[in-house]
$ cat start36.tsv   # TSV, C-alpha atoms
chain	number	residue	atom	x	y	z
N	1	MET	CA	0.00	0.00	0.00
N	2	LEU	CA	2.80	2.39	0.92
N	3	ARG	CA	4.53	1.73	-2.43
N	4	LYS	CA	1.37	2.62	-4.36
N	5	ILE	CA	0.99	5.90	-2.49
N	6	ILE	CA	4.62	6.85	-3.08
N	7	PHE	CA	4.36	5.95	-6.77
N	8	THR	CA	1.21	8.10	-7.19
N	9	VAL	CA	2.87	11.07	-5.52
N	10	LEU	CA	5.94	10.75	-7.74
N	11	VAL	CA	3.81	10.65	-10.92
N	12	LEU	CA	1.89	13.76	-9.87
N	13	MET	CA	5.12	15.58	-9.05
N	14	SER	CA	6.54	14.62	-12.45
N	15	ILE	CA	3.47	15.96	-14.31
N	16	CYS	CA	3.48	19.25	-12.38
N	17	PHE	CA	7.23	19.66	-12.90
N	18	SER	CA	7.05	19.11	-16.67
N	19	GLY	CA	4.16	21.56	-16.92
N	20	GLN	CA	6.19	24.18	-15.08
N	21	ILE	CA	9.13	23.66	-17.43
N	22	TYR	CA	6.82	24.21	-20.44
N	23	ALA	CA	5.38	27.38	-18.91
N	24	ASP	CA	8.86	28.73	-18.18
N	25	ASP	CA	10.02	27.94	-21.71
N	26	PHE	CA	6.98	29.70	-23.14
N	27	ARG	CA	7.61	32.82	-21.05
N	28	ASN	CA	11.21	32.86	-22.24
N	29	GLU	CA	10.06	32.49	-25.85
N	30	LYS	CA	7.66	35.42	-25.44
N	31	GLU	CA	10.47	37.61	-24.16
N	32	ARG	CA	12.71	36.54	-27.05
N	33	LEU	CA	9.99	37.42	-29.57
N	34	LYS	CA	9.43	40.82	-27.96
N	35	VAL	CA	13.14	41.62	-28.20
N	36	GLU	CA	13.26	40.51	-31.85
N	37	HIS	CA	10.09	42.50	-32.56
N	38	SER	CA	11.59	45.67	-31.07
N	39	ARG	CA	14.69	45.20	-33.23
N	40	LEU	CA	12.56	44.92	-36.38
N	41	ILE	CA	10.62	48.07	-35.50
N	42	LEU	CA	13.85	50.04	-35.10
N	43	GLU	CA	15.15	48.60	-38.36
N	44	ALA	CA	11.96	49.66	-40.17
N	45	VAL	CA	12.15	53.18	-38.78
N	46	LYS	CA	15.79	53.58	-39.85
N	47	SER	CA	15.30	52.20	-43.34
N	48	GLU	CA	11.95	53.93	-44.07
N	49	SER	CA	10.62	50.56	-45.27
N	50	SER	CA	8.11	50.09	-48.05
N	51	HIS	CA	5.21	49.40	-45.69
N	52	ARG	CA	4.89	53.19	-45.50
N	53	LYS	CA	4.36	53.22	-49.27
N	54	SER	CA	2.31	50.06	-49.78
N	55	LEU	CA	-0.69	51.61	-48.01
N	56	SER	CA	-1.52	55.24	-47.44
N	57	SER	CA	-1.51	56.32	-43.78
N	58	LEU	CA	-5.01	57.65	-44.55
N	59	CYS	CA	-6.19	54.32	-46.03
N	60	PHE	CA	-8.89	54.01	-43.36
N	61	ASN	CA	-9.02	57.67	-42.35
N	62	GLY	CA	-7.69	56.77	-38.91
N	63	SER	CA	-10.27	54.06	-38.13
N	64	ILE	CA	-9.55	50.44	-39.09
N	65	PRO	CA	-12.74	48.42	-39.81
N	66	SER	CA	-13.50	46.01	-36.96
N	67	GLU	CA	-16.03	43.70	-38.65
N	68	PRO	CA	-14.78	41.19	-41.25
N	69	ARG	CA	-15.96	41.67	-44.82
N	70	LYS	CA	-17.03	38.61	-46.82
N	71	PRO	CA	-15.32	36.56	-47.99
N	72	TYR	CA	-13.31	36.03	-44.83
N	73	TYR	CA	-11.17	33.11	-43.68
N	74	SER	CA	-10.92	31.95	-40.06
N	75	VAL	CA	-8.47	29.65	-38.30
N	76	THR	CA	-7.80	28.69	-34.66
N	77	LEU	CA	-4.55	29.68	-32.97
N	78	ASN	CA	-3.60	27.15	-30.26
N	79	GLN	CA	-0.96	28.19	-27.78
N	80	TYR	CA	-0.14	26.23	-24.62
N	81	ASP	CA	-3.55	26.03	-22.86
N	82	GLU	CA	-4.95	29.15	-24.57
N	83	SER	CA	-6.52	29.80	-27.97
N	84	ALA	CA	-7.82	32.53	-30.29
N	85	THR	CA	-9.68	32.82	-33.58
N	86	LEU	CA	-7.80	34.63	-36.36
N	87	THR	CA	-10.06	35.95	-39.13
N	88	PHE	CA	-8.44	37.25	-42.32
N	89	TRP	CA	-10.05	39.36	-45.04
N	90	ARG	CA	-9.38	42.10	-47.58
N	91	GLU	CA	-10.67	45.65	-47.17
N	92	PRO	CA	-10.61	48.49	-49.75
N	93	CYS	CA	-9.04	51.70	-48.47
N	94	THR	CA	-11.64	54.39	-47.91
N	95	ASP	CA	-9.41	56.90	-49.70
N	96	GLY	CA	-9.27	54.67	-52.81
N	97	THR	CA	-5.49	54.16	-52.68
N	98	GLY	CA	-5.35	50.38	-52.39
N	99	LEU	CA	-6.50	47.15	-50.83
N	100	ALA	CA	-5.53	46.11	-47.31
N	101	LEU	CA	-5.09	42.66	-45.79
N	102	LEU	CA	-6.65	42.57	-42.31
N	103	VAL	CA	-6.81	40.11	-39.42
N	104	LYS	CA	-9.08	40.19	-36.38
N	105	ALA	CA	-7.70	38.30	-33.38
N	106	THR	CA	-10.39	37.14	-30.95
N	107	PRO	CA	-9.27	35.36	-27.74
N	108	GLU	CA	-11.38	32.27	-26.99
N	109	ASN	CA	-9.56	30.71	-24.03
N	110	GLY	CA	-7.30	32.81	-21.83
N	111	HIS	CA	-5.17	35.57	-23.33
N	112	PRO	CA	-2.92	33.99	-25.97
N	113	PHE	CA	0.22	35.73	-27.17
N	114	LEU	CA	0.23	37.10	-30.74
N	115	CYS	CA	3.37	38.54	-32.34
N	116	SER	CA	4.22	39.91	-35.79
N	117	VAL	CA	7.53	38.03	-35.72
N	118	ASP	CA	5.65	34.72	-36.13
N	119	ILE	CA	3.51	35.62	-39.15
N	120	LYS	CA	4.60	35.41	-42.80
N	121	VAL	CA	2.92	36.03	-46.16
N	122	ILE	CA	3.93	33.83	-49.10
N	123	GLN	CA	3.13	34.89	-52.67
N	124	ASN	CA	4.64	33.62	-55.94
N	125	ASN	CA	7.07	31.45	-53.90
N	126	ILE	CA	8.43	34.54	-52.13
N	127	GLN	CA	8.21	34.76	-48.33
N	128	HIS	CA	7.39	38.25	-47.06
N	129	GLU	CA	8.19	39.41	-43.53
N	130	VAL	CA	5.24	41.46	-42.25
N	131	PHE	CA	3.93	43.57	-39.41
N	132	MET	CA	0.44	43.28	-37.90
N	133	ARG	CA	-0.35	46.93	-37.22
N	134	PRO	CA	-3.12	48.39	-35.01
N	135	SER	CA	-2.63	51.76	-36.74
N	136	LEU	CA	-1.29	53.08	-40.05
N	137	GLN	CA	-0.41	56.43	-38.52
N	138	ASN	CA	2.97	55.34	-37.15
N	139	TYR	CA	5.34	52.36	-36.90
N	140	SER	CA	3.14	50.48	-34.45
N	141	SER	CA	3.11	46.68	-34.63
N	142	TRP	CA	1.51	43.98	-32.47
N	143	CYS	CA	3.50	41.69	-30.18
N	144	ASP	CA	1.55	41.15	-26.97
N	145	ASP	CA	-1.09	39.14	-25.11
N	146	LEU	CA	-4.63	39.32	-26.49
N	147	LEU	CA	-6.68	41.01	-23.78
N	148	THR	CA	-9.17	42.38	-26.33
N	149	SER	CA	-10.07	41.58	-29.98
N	150	PRO	CA	-7.93	43.92	-32.09
N	151	THR	CA	-8.18	44.33	-35.86
N	152	LEU	CA	-4.71	44.59	-37.38
N	153	VAL	CA	-3.48	45.58	-40.83
N	154	ILE	CA	-0.89	43.21	-42.32
N	155	THR	CA	1.82	45.17	-44.14
N	156	PRO	CA	5.39	44.36	-45.24
N	157	TYR	CA	8.39	45.82	-43.44
N	158	SER	CA	10.80	44.83	-46.19
N	159	PHE	CA	10.97	46.29	-49.69
N	160	ASP	CA	9.55	43.16	-51.36
N	161	ASP	CA	5.89	44.19	-51.17
N	162	PHE	CA	3.07	41.70	-51.79
N	163	ASP	CA	-0.18	42.28	-53.70
N	164	ALA	CA	-3.13	41.90	-51.32
N	165	SER	CA	-5.55	41.43	-54.24
N	166	LYS	CA	-3.75	38.34	-55.56
N	167	ALA	CA	-3.70	34.77	-54.22
N	168	LEU	CA	-1.45	34.36	-51.19
N	169	THR	CA	-0.69	32.07	-48.25
N	170	ILE	CA	-0.46	33.16	-44.61
N	171	THR	CA	1.56	31.14	-42.11
N	172	TYR	CA	1.84	31.55	-38.36
N	173	ASN	CA	4.28	29.75	-36.09
N	174	SER	CA	2.48	28.32	-33.04
N	175	ASP	CA	2.02	25.03	-31.14
N	176	THR	CA	0.02	23.88	-34.15
N	177	PRO	CA	1.50	25.79	-37.12
N	178	ILE	CA	-1.10	27.69	-39.14
N	179	ILE	CA	-1.21	27.65	-42.93
N	180	ILE	CA	-4.15	29.36	-44.64
N	181	ASP	CA	-4.64	30.09	-48.35
N	182	LEU	CA	-6.48	33.17	-49.61
N	183	PRO	CA	-7.57	32.98	-53.27
N	184	ASP	CA	-7.37	35.83	-55.75
N	185	ALA	CA	-9.77	38.60	-54.72
N	186	GLY	CA	-11.25	38.68	-58.24
N	187	HIS	CA	-14.27	40.80	-59.05
N	188	PHE	CA	-16.86	41.57	-56.46
N	189	LYS	CA	-20.47	42.71	-56.65
N	190	LYS	CA	-20.85	45.95	-54.73
N	191	ARG	CA	-23.74	48.23	-55.54
N	192	ILE	CA	-22.49	51.65	-56.61
N	193	ALA	CA	-25.60	53.79	-56.78
N	194	GLY	CA	-27.18	56.96	-55.53
N	195	ALA	CA	-30.02	59.43	-55.75
N	196	VAL	CA	-30.34	62.51	-57.93
N	197	ASN	CA	-32.59	65.50	-57.27
N	198	GLY	CA	-33.37	68.54	-59.33
N	199	PHE	CA	-33.20	67.05	-62.85
N	200	ALA	CA	-36.07	66.55	-65.26
N	201	ARG	CA	-33.95	63.96	-67.06
N	202	PHE	CA	-30.27	63.07	-67.18
N	203	THR	CA	-27.59	60.75	-68.50
N	204	TYR	CA	-24.55	59.57	-66.57
N	205	THR	CA	-21.25	57.81	-67.06
N	206	CYS	CA	-19.47	55.43	-64.69
N	207	LYS	CA	-15.71	55.26	-65.13
N	208	ASN	CA	-13.35	52.81	-63.45
N	209	ASN	CA	-10.28	55.02	-63.01
N	210	LYS	CA	-8.01	52.00	-62.58
N	211	THR	CA	-9.04	50.05	-65.70
N	212	GLN	CA	-10.27	53.13	-67.64
N	213	VAL	CA	-13.47	51.26	-68.57
N	214	VAL	CA	-16.39	53.67	-69.09
N	215	LYS	CA	-20.10	52.88	-69.23
N	216	THR	CA	-22.75	55.43	-70.26
N	217	PHE	CA	-26.37	55.16	-69.11
N	218	LYS	CA	-29.66	56.93	-69.64
N	219	SER	CA	-31.73	57.47	-66.53
N	220	GLN	CA	-34.43	54.84	-66.12
N	221	ASN	CA	-35.72	56.60	-63.05
N	222	ILE	CA	-35.30	60.35	-62.79
N	223	ALA	CA	-34.30	60.07	-59.13
N	224	ASP	CA	-31.71	57.25	-59.17
N	225	TRP	CA	-28.48	56.15	-60.83
N	226	SER	CA	-26.50	52.91	-60.68
N	227	CYS	CA	-23.14	51.59	-61.99
N	228	ASP	CA	-24.16	47.92	-61.64
N	229	LYS	CA	-22.92	47.02	-65.15
N	230	LEU	CA	-19.42	48.44	-64.60
N	231	PRO	CA	-16.86	45.71	-63.72
N	232	VAL	CA	-14.97	46.66	-60.55
N	233	LYS	CA	-12.54	44.99	-58.16
N	234	PHE	CA	-11.47	45.68	-54.61
N	235	ALA	CA	-9.80	49.09	-54.24
N	236	ASP	CA	-10.91	50.35	-57.68
N	237	VAL	CA	-11.98	54.00	-57.81
N	238	VAL	CA	-15.21	54.74	-59.69
N	239	GLU	CA	-15.91	58.22	-61.04
N	240	VAL	CA	-19.55	59.14	-61.82
N	241	THR	CA	-20.46	62.09	-64.05
N	242	ILE	CA	-24.09	63.18	-64.29
N	243	THR	CA	-25.39	65.46	-67.06
N	244	GLY	CA	-29.01	66.52	-67.12
N	245	VAL	CA	-31.74	69.07	-67.67
N	246	VAL	CA	-32.61	71.02	-64.55
N	247	LYS	CA	-36.26	71.12	-63.56
$ encode --input "start36.tsv" --output "structure tokens"
Amino acid sequence: MLRKIIFTVLVLMSICFSGQIYADDFRNEKERLKVEHSRLILEAVKSESSHRKSLSSLCFNGSIPSEPRKPYYSVTLNQYDESATLTFWREPCTDGTGLALLVKATPENGHPFLCSVDIKVIQNNIQHEVFMRPSLQNYSSWCDDLLTSPTLVITPYSFDDFDASKALTITYNSDTPIIIDLPDAGHFKKRIAGAVNGFARFTYTCKNNKTQVVKTFKSQNIADWSCDKLPVKFADVVEVTITGVVK
């Protein structure tokens, strides 16, 4: 009986001890990542990296969208005994300057650690080092515990920029490594329409300033216009010109 009790105690001590070692190793790894992350930030500031050029600092007019736009792609981040849902999607800049790649990190169990050092974007067999940025106004980048559910913009810190509208693969180094493929953004159906007042009749043109495709329409309803037949993609800028007879 005494031998069984001693054996049980030894097994429990062994389990607790190994768990403590893992926790200590994980804390050390977090500190290493934070140091590496700080070094990369300083390097980006000194070199004036291309992530300042790939997206305008006014892309979202100071406010990054918090709700994912369809189509979006979600994956679970498992880390020690904690987890989070990472949701990736593309978002057109409100100032019409480009297309951004976004991720929303939502903690599910505990407060898992998320760091830009661990994420990579692969496109055309080229691996891109990137930042996950809570703001485009400065050189901010995420490397911390998830106490809330931030939305972060994924931008390169090296000069080999990637095209957010094209097919790409995102990888993240964790207990269970993450690999997620995003297909080409392609065309999307977004209603570009509005109301017109003060005209007895009018015609209007819709021009895609990126592709230079122009469509001309006669008003079917003297109060409305629509560019539904104009092919557009994410981040395209559409110019509408209305010509009419005033009432």
$ residues_around --input "start36.tsv" --residues "N:Asn78" --least-positions-apart "3" --cutoff "10 Å" --atoms "all atoms listed in the file" --output "PyMOL selection string"
chain N and resi 75+81-85+108-109+112-113+174-178
$ closest_residue --input "start36.tsv" --among "N:Ser56, N:Tyr157, N:Gln79, N:Leu114" --to "N:Ala44" --atoms "only C-alpha atoms"
N:Tyr157
$ residues_around --input "start36.tsv" --residues "stretch 126-139 of chain N" --least-positions-apart "3" --cutoff "6 Å" --atoms "only C-alpha atoms" --output "PDB file with C-alpha atoms, in the coordinates of the input"
ATOM      1  CA  SER N  57      -1.510  56.320 -43.780  1.00  0.00           C
ATOM      2  CA  SER N 116       4.220  39.910 -35.790  1.00  0.00           C
ATOM      3  CA  LYS N 120       4.600  35.410 -42.800  1.00  0.00           C
ATOM      4  CA  VAL N 121       2.920  36.030 -46.160  1.00  0.00           C
ATOM      5  CA  ILE N 122       3.930  33.830 -49.100  1.00  0.00           C
ATOM      6  CA  GLN N 123       3.130  34.890 -52.670  1.00  0.00           C
ATOM      7  CA  TRP N 142       1.510  43.980 -32.470  1.00  0.00           C
ATOM      8  CA  LEU N 152      -4.710  44.590 -37.380  1.00  0.00           C
ATOM      9  CA  VAL N 153      -3.480  45.580 -40.830  1.00  0.00           C
ATOM     10  CA  ILE N 154      -0.890  43.210 -42.320  1.00  0.00           C
ATOM     11  CA  THR N 155       1.820  45.170 -44.140  1.00  0.00           C
ATOM     12  CA  PRO N 156       5.390  44.360 -45.240  1.00  0.00           C
ATOM     13  CA  TYR N 157       8.390  45.820 -43.440  1.00  0.00           C
TER      14      TYR N 157
END
$ atom_distance --input "start36.tsv" --atom1 "atom CA of N:Pro107" --atom2 "atom CA of N:Pro92"
25.7 Å
$ residues_around --input "start36.tsv" --residues "N:Glu67" --least-positions-apart "4" --cutoff "10 Å" --atoms "all atoms listed in the file" --output "tab-separated table (two decimals) with C-alpha atoms, in the frame of the given file"
chain	number	residue	atom	x	y	z
N	87	THR	CA	-10.06	35.95	-39.13
N	89	TRP	CA	-10.05	39.36	-45.04
N	103	VAL	CA	-6.81	40.11	-39.42
N	104	LYS	CA	-9.08	40.19	-36.38
N	151	THR	CA	-8.18	44.33	-35.86
$ atom_distance --input "start36.tsv" --atom1 "atom CA of N:Cys143" --atom2 "atom CA of N:Thr169"
20.9 Å
$ atom_distance --input "start36.tsv" --atom1 "atom CA of N:Leu102" --atom2 "atom CA of N:Ile170"
11.5 Å
$ decode --input "start36.tsv" --residues "stretch 84-104 of chain N" --atoms "N, CA and C atoms" --output "compact mmCIF listing (two decimals), in the first residue's frame"
# COMPACT_ATOMS: atom_id res chain seq x y z
N ALA N 84 -7.17 31.35 -29.71
CA ALA N 84 -7.82 32.53 -30.29
C ALA N 84 -8.26 32.19 -31.70
N THR N 85 -9.25 32.94 -32.19
CA THR N 85 -9.68 32.82 -33.58
C THR N 85 -9.07 33.96 -34.38
N LEU N 86 -8.37 33.63 -35.46
CA LEU N 86 -7.80 34.63 -36.36
C LEU N 86 -8.64 34.65 -37.63
N THR N 87 -9.21 35.80 -37.95
CA THR N 87 -10.06 35.95 -39.13
C THR N 87 -9.40 36.93 -40.09
N PHE N 88 -9.13 36.45 -41.31
CA PHE N 88 -8.44 37.25 -42.32
C PHE N 88 -9.42 37.68 -43.41
N TRP N 89 -9.26 38.91 -43.90
CA TRP N 89 -10.05 39.36 -45.04
C TRP N 89 -9.37 40.57 -45.69
N ARG N 90 -9.90 40.94 -46.85
CA ARG N 90 -9.38 42.10 -47.58
C ARG N 90 -10.37 43.25 -47.45
N GLU N 91 -9.82 44.46 -47.36
CA GLU N 91 -10.67 45.65 -47.17
C GLU N 91 -10.16 46.77 -48.07
N PRO N 92 -11.03 47.34 -48.93
CA PRO N 92 -10.61 48.49 -49.75
C PRO N 92 -10.35 49.71 -48.87
N CYS N 93 -9.31 50.45 -49.19
CA CYS N 93 -9.04 51.70 -48.47
C CYS N 93 -10.16 52.69 -48.76
N THR N 94 -10.57 53.41 -47.73
CA THR N 94 -11.64 54.39 -47.91
C THR N 94 -11.20 55.57 -48.77
N ASP N 95 -9.88 55.79 -48.87
CA ASP N 95 -9.41 56.90 -49.70
C ASP N 95 -9.11 56.45 -51.13
N GLY N 96 -9.42 55.18 -51.44
CA GLY N 96 -9.27 54.67 -52.81
C GLY N 96 -7.84 54.38 -53.24
N THR N 97 -6.90 54.32 -52.30
CA THR N 97 -5.49 54.16 -52.68
C THR N 97 -5.02 52.71 -52.76
N GLY N 98 -5.82 51.76 -52.33
CA GLY N 98 -5.35 50.38 -52.39
C GLY N 98 -6.27 49.42 -51.67
N LEU N 99 -5.76 48.22 -51.48
CA LEU N 99 -6.50 47.15 -50.83
C LEU N 99 -5.66 46.63 -49.68
N ALA N 100 -6.26 46.52 -48.50
CA ALA N 100 -5.53 46.11 -47.31
C ALA N 100 -5.88 44.68 -46.91
N LEU N 101 -4.89 43.99 -46.35
CA LEU N 101 -5.09 42.66 -45.79
C LEU N 101 -5.23 42.81 -44.28
N LEU N 102 -6.36 42.37 -43.73
CA LEU N 102 -6.65 42.57 -42.31
C LEU N 102 -6.79 41.25 -41.58
N VAL N 103 -6.55 41.27 -40.27
CA VAL N 103 -6.81 40.11 -39.42
C VAL N 103 -7.43 40.61 -38.11
N LYS N 104 -8.48 39.92 -37.69
CA LYS N 104 -9.08 40.19 -36.38
C LYS N 104 -8.74 39.02 -35.48
